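A.B. asks: Starting off with a structure, shown below.
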Amino acid sequence: MNVTDVYVITGGSGGMGKAIAELVGKKGTVLLADVSEERLETTKTELGEKGVNDVHYQTVDITDREQVKSLKEKTASLGKLKGLIHTAGLSPTMASSKRITEVNLVGTGLILDEFYTIAESGTTVVCISSMSGHFVPKEGPYIDVLKSPLADNLVETMEEMTKGDPGAAYSLSKLGVLLIVENQAWDWGQKGARIVSVSPGTINTPMGRQEASQQKQMKELLDITPLQREGEATEIATAVEFLVSDGASYITGTDLRVDGGTTANMSKLQANQDK
């Protein structure tokens with residue numbers, strides 16, 4: 001008896017989520033999760049028009065453990081967890097620093113904690129981080145804090161560190177995703193499962209356009225991007241499609257930057273300034 005491969009996509013009605021669903025939906029069942037049922041229904045219709053018909057959805061607030069647990073149970077009822085693609089998150093112009101920490105860090109912790117229980121050999125987790133996570137030094141008092149997203153008083157501790165600044169909360173939370181992936185690789189590996197992250201650069205999605213329109217820094221980053229353009233959601237999707245495939249079977253505990261070279265060039269520019 002063949003068991004259906006299930007691909008769960010949080011933030012499933014967003015620009016990246018939809019692009020990813022269009023690709024992995026050709027390989028198995030898709031389960032979309034997001035906070036808006038209306039957007040999820042629209043996304044399911046759009047995917048159907050593109051020939052992706054085995055699509056389910058569930059409204060989920062990823063900061064609510066019971067709702068995340070319900071999503072996990074729905075996944076298990078559909079088949080085998082082949083891919084968990086965690087794109088859900090908030091950017092600096094979308095929420096307060098506290099809510100950004102709750103969604104980007106605590107939410108990630110809850111998703112990984114619950115779905116670990118149904119992971120098996122061949123399961124792959126892809127967490128969407130950001131090139132912003134690479135702009136924060138990988139040393140400092142926040143490192144141990146970021147590795148433990150479900151620790152008591154995490155949100156309060158982060159508020160003290162970020163002083164209520166949404167941009168700081170975002171960058172630290174995305175560094176947290178990178179660290180969590182590295183930190184949990186061993187545990188997932190014990191099940192024959194893999195966990196990786198992807199760090200997009202400036203991407204042409206509704207969220208990306210919102211940030212670009214309200215943050216001068218986004219234009220500055222684009223100016224130093226070697227490929228001299230924004231990335232497209234499809235370019236993130238193809239990277240994710242590879243990472244959840246058996247072709248990436250020896251890749252785990254690491255990050256893939258899909259940022260047009262922005263991070264690399266920024267490091268070079270900073271090194272030149274320090275000379």
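Each chain in the structure tokens gets a letter, A, B and so on, in the order shown; residues start at 1 in every chain, and ligands are counted from 1 in the order they appear.
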Report as a Markdown table the residues of range 28-134 of chain A within 12 Å of range 3-11 of chain A, each with its shortest atom pair and distance in Å (one decimal), using only C-alpha atoms, ordered by chain and increasing residue number.
C.D. replies:
```
| residue | atom | partner | partner_atom | distance |
| --- | --- | --- | --- | --- |
| A:Gly28 | CA | A:Asp5 | CA | 5.1 |
| A:Thr29 | CA | A:Val6 | CA | 4.7 |
| A:Val30 | CA | A:Tyr7 | CA | 4.9 |
| A:Leu31 | CA | A:Val8 | CA | 4.7 |
| A:Leu32 | CA | A:Ile9 | CA | 5.0 |
| A:Ala33 | CA | A:Thr10 | CA | 4.7 |
| A:Asp34 | CA | A:Gly11 | CA | 4.9 |
| A:Val35 | CA | A:Gly11 | CA | 7.9 |
| A:Ser36 | CA | A:Gly11 | CA | 9.6 |
| A:Glu37 | CA | A:Gly11 | CA | 11.6 |
| A:Arg39 | CA | A:Gly11 | CA | 10.3 |
| A:Leu40 | CA | A:Gly11 | CA | 9.3 |
| A:Thr43 | CA | A:Gly11 | CA | 11.0 |
| A:Asp54 | CA | A:Val6 | CA | 9.9 |
| A:Val55 | CA | A:Tyr7 | CA | 9.7 |
| A:His56 | CA | A:Val8 | CA | 9.4 |
| A:Tyr57 | CA | A:Val8 | CA | 9.2 |
| A:Gln58 | CA | A:Thr10 | CA | 9.6 |
| A:Thr59 | CA | A:Thr10 | CA | 9.7 |
| A:Val60 | CA | A:Thr10 | CA | 8.5 |
| A:Asp61 | CA | A:Thr10 | CA | 9.8 |
| A:Ile62 | CA | A:Thr10 | CA | 8.4 |
| A:Val68 | CA | A:Thr10 | CA | 10.2 |
| A:Leu71 | CA | A:Val8 | CA | 8.9 |
| A:Lys72 | CA | A:Val8 | CA | 9.1 |
| A:Glu73 | CA | A:Val8 | CA | 11.7 |
| A:Lys74 | CA | A:Val8 | CA | 10.0 |
| A:Thr75 | CA | A:Val6 | CA | 6.9 |
| A:Ala76 | CA | A:Val6 | CA | 8.6 |
| A:Ser77 | CA | A:Val6 | CA | 9.8 |
| A:Leu78 | CA | A:Val6 | CA | 6.9 |
| A:Gly79 | CA | A:Thr4 | CA | 4.8 |
| A:Lys80 | CA | A:Asp5 | CA | 5.0 |
| A:Leu81 | CA | A:Val6 | CA | 5.0 |
| A:Lys82 | CA | A:Asp5 | CA | 5.3 |
| A:Gly83 | CA | A:Tyr7 | CA | 4.5 |
| A:Leu84 | CA | A:Val8 | CA | 4.8 |
| A:Ile85 | CA | A:Ile9 | CA | 4.8 |
| A:His86 | CA | A:Thr10 | CA | 5.0 |
| A:Thr87 | CA | A:Gly11 | CA | 5.2 |
| A:Ala88 | CA | A:Gly11 | CA | 4.0 |
| A:Gly89 | CA | A:Gly11 | CA | 7.3 |
| A:Leu90 | CA | A:Gly11 | CA | 10.0 |
| A:Val103 | CA | A:Gly11 | CA | 11.2 |
| A:Asn104 | CA | A:Gly11 | CA | 11.5 |
| A:Gly107 | CA | A:Thr10 | CA | 10.5 |
| A:Thr108 | CA | A:Thr10 | CA | 10.1 |
| A:Ile111 | CA | A:Thr10 | CA | 9.2 |
| A:Leu112 | CA | A:Thr10 | CA | 11.7 |
| A:Phe115 | CA | A:Val8 | CA | 10.1 |
| A:Ile118 | CA | A:Val6 | CA | 11.6 |
| A:Ala119 | CA | A:Val6 | CA | 11.3 |
| A:Glu120 | CA | A:Asp5 | CA | 11.6 |
| A:Gly122 | CA | A:Asp5 | CA | 10.1 |
| A:Thr123 | CA | A:Asp5 | CA | 9.4 |
| A:Thr124 | CA | A:Tyr7 | CA | 9.4 |
| A:Val125 | CA | A:Val8 | CA | 9.5 |
| A:Val126 | CA | A:Ile9 | CA | 9.6 |
| A:Cys127 | CA | A:Thr10 | CA | 9.7 |
| A:Ile128 | CA | A:Thr10 | CA | 10.1 |
```
A.B. asks: Could you write out, as number ranges by chain, all the residues of range 22-202 of chain A that DSSP marks as helix (DSSP H, G or I)?
C.D. replies: A: 22-24, 37-49, 65-78, 97-118, 131-135, 143-146, 154-162, 166-189
A.B. asks: Separation of CA of Lys18 in chain A and CA of Val198 in chain A, in Å?
C.D. replies: 16.1 Å
A.B. asks: Rounded to one decimal in Å, what is the spacing between CA of Lys98 in chain A and CA of Gln184 in chain A?
C.D. replies: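 We find that CA of Lys98 in chain A and CA of Gln184 in chain A lie 24.3 Å from each other.
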A.B. asks: Taking the backbone alone, and naming residues the way the document does, which bits of range 38-266 of chain A are strand (DSSP E or B) by DSSP, as a VMD selection string?
C.D. replies: chain A and resid 55 to 59 80 to 86 124 to 128 194 to 200 203 to 204 231 to 232 255 to 258
A.B. asks: The selected residues should be written to file as a tab-separated table (two decimals), in the first residue's frame (atoms: N, CA, C and O atoms).
C.D. replies:
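Printed below is part_19.tsv as written:
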```tsv
chain	number	residue	atom	x	y	z
A	55	VAL	N	-4.93	19.62	-2.79
A	55	VAL	CA	-4.58	20.71	-1.86
A	55	VAL	C	-5.60	20.78	-0.73
A	55	VAL	O	-6.80	20.80	-0.96
A	56	HIS	N	-5.09	20.79	0.48
A	56	HIS	CA	-5.91	20.97	1.67
A	56	HIS	C	-5.41	22.22	2.39
A	56	HIS	O	-4.30	22.68	2.16
A	57	TYR	N	-6.23	22.75	3.28
A	57	TYR	CA	-5.75	23.90	4.05
A	57	TYR	C	-6.36	23.92	5.44
A	57	TYR	O	-7.39	23.29	5.69
A	58	GLN	N	-5.71	24.64	6.32
A	58	GLN	CA	-6.19	24.79	7.69
A	58	GLN	C	-5.72	26.14	8.24
A	58	GLN	O	-4.57	26.52	8.04
A	59	THR	N	-6.62	26.86	8.88
A	59	THR	CA	-6.23	28.12	9.49
A	59	THR	C	-5.48	27.83	10.79
A	59	THR	O	-5.92	27.02	11.60
A	80	LYS	N	2.23	10.57	4.90
A	80	LYS	CA	3.56	10.69	5.49
A	80	LYS	C	4.10	12.11	5.34
A	80	LYS	O	4.02	12.70	4.25
A	81	LEU	N	4.66	12.65	6.41
A	81	LEU	CA	5.26	13.98	6.34
A	81	LEU	C	6.55	13.89	5.52
A	81	LEU	O	7.59	13.44	6.01
A	82	LYS	N	6.47	14.33	4.30
A	82	LYS	CA	7.65	14.35	3.43
A	82	LYS	C	8.39	15.68	3.55
A	82	LYS	O	9.62	15.71	3.65
A	83	GLY	N	7.64	16.77	3.53
A	83	GLY	CA	8.27	18.08	3.63
A	83	GLY	C	7.48	19.02	4.51
A	83	GLY	O	6.25	19.10	4.40
A	84	LEU	N	8.16	19.72	5.41
A	84	LEU	CA	7.58	20.79	6.21
A	84	LEU	C	8.30	22.06	5.82
A	84	LEU	O	9.49	22.22	6.10
A	85	ILE	N	7.60	22.93	5.11
A	85	ILE	CA	8.21	24.17	4.63
A	85	ILE	C	7.61	25.32	5.42
A	85	ILE	O	6.44	25.66	5.26
A	86	HIS	N	8.42	25.88	6.30
A	86	HIS	CA	7.95	26.88	7.26
A	86	HIS	C	8.28	28.28	6.77
A	86	HIS	O	9.37	28.81	7.00
A	124	THR	N	11.90	16.09	5.43
A	124	THR	CA	12.78	17.26	5.39
A	124	THR	C	12.02	18.50	5.86
A	124	THR	O	10.88	18.72	5.45
A	125	VAL	N	12.67	19.27	6.70
A	125	VAL	CA	12.14	20.56	7.15
A	125	VAL	C	12.95	21.67	6.51
A	125	VAL	O	14.19	21.63	6.53
A	126	VAL	N	12.27	22.64	5.93
A	126	VAL	CA	12.94	23.84	5.40
A	126	VAL	C	12.33	25.05	6.10
A	126	VAL	O	11.14	25.33	5.94
A	127	CYS	N	13.14	25.74	6.87
A	127	CYS	CA	12.69	26.96	7.55
A	127	CYS	C	13.18	28.17	6.76
A	127	CYS	O	14.37	28.27	6.44
A	128	ILE	N	12.27	29.08	6.47
A	128	ILE	CA	12.66	30.29	5.75
A	128	ILE	C	13.20	31.31	6.75
A	128	ILE	O	12.49	31.76	7.65
A	194	ARG	N	15.91	15.44	7.89
A	194	ARG	CA	16.83	16.56	7.68
A	194	ARG	C	16.13	17.87	8.02
A	194	ARG	O	14.91	18.00	7.90
A	195	ILE	N	16.93	18.87	8.44
A	195	ILE	CA	16.41	20.20	8.71
A	195	ILE	C	17.40	21.24	8.18
A	195	ILE	O	18.60	21.17	8.48
A	196	VAL	N	16.91	22.13	7.35
A	196	VAL	CA	17.75	23.15	6.73
A	196	VAL	C	17.01	24.49	6.76
A	196	VAL	O	15.82	24.56	7.06
A	197	SER	N	17.74	25.54	6.42
A	197	SER	CA	17.09	26.85	6.28
A	197	SER	C	17.46	27.47	4.94
A	197	SER	O	18.47	27.10	4.33
A	198	VAL	N	16.64	28.40	4.51
A	198	VAL	CA	16.89	29.18	3.30
A	198	VAL	C	16.80	30.65	3.69
A	198	VAL	O	15.86	31.06	4.37
A	199	SER	N	17.78	31.42	3.25
A	199	SER	CA	17.79	32.85	3.55
A	199	SER	C	17.58	33.66	2.27
A	199	SER	O	18.54	33.90	1.52
A	200	PRO	N	16.35	34.08	2.02
A	200	PRO	CA	16.09	34.91	0.84
A	200	PRO	C	16.68	36.31	1.02
A	200	PRO	O	16.81	36.82	2.14
A	203	ILE	N	13.16	39.98	-2.22
A	203	ILE	CA	12.34	39.16	-3.11
A	203	ILE	C	11.07	39.91	-3.51
A	203	ILE	O	10.44	40.59	-2.69
A	204	ASN	N	10.70	39.76	-4.76
A	204	ASN	CA	9.52	40.43	-5.31
A	204	ASN	C	8.25	39.66	-4.93
A	204	ASN	O	7.68	38.93	-5.74
A	231	GLY	N	15.04	39.19	-6.34
A	231	GLY	CA	14.75	37.80	-6.67
A	231	GLY	C	13.26	37.61	-6.84
A	231	GLY	O	12.45	38.47	-6.45
A	232	GLU	N	12.87	36.51	-7.44
A	232	GLU	CA	11.46	36.18	-7.62
A	232	GLU	C	11.07	35.02	-6.70
A	232	GLU	O	11.91	34.19	-6.33
A	255	ASP	N	22.41	26.42	6.06
A	255	ASP	CA	21.57	27.45	5.44
A	255	ASP	C	21.99	27.65	3.99
A	255	ASP	O	23.16	27.56	3.64
A	256	LEU	N	21.00	27.90	3.15
A	256	LEU	CA	21.25	28.24	1.75
A	256	LEU	C	20.80	29.68	1.53
A	256	LEU	O	19.62	30.00	1.68
A	257	ARG	N	21.75	30.55	1.20
A	257	ARG	CA	21.40	31.94	0.91
A	257	ARG	C	20.97	32.05	-0.54
A	257	ARG	O	21.70	31.66	-1.44
A	258	VAL	N	19.77	32.61	-0.74
A	258	VAL	CA	19.27	32.87	-2.09
A	258	VAL	C	19.03	34.38	-2.15
A	258	VAL	O	17.90	34.86	-2.09
```
A.B. asks: Determine the nearest neighbour of Thr162 in chain A from the options A:Pro141, A:Gly192, A:Met16, A:Gln273, counting only C-alpha atoms.
C.D. replies: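 Nearest to Thr162 in chain A: A:Pro141.
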A.B. asks: Report, in Å to a single decimal, how far apart CA of Leu179 in chain A and CA of Gly247 in chain A are.
C.D. replies: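 Rounded to one decimal, the two atoms are 24.0 Å apart.
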A.B. asks: Fewer than 4 positions away in the same chain doesn't count, so skip those; otherwise give me all residues within 12 Å of Ile224 in chain A, counting only C-alpha atoms, as number ranges by chain.
C.D. replies: A: 201-202, 217-220, 228-230, 259-270
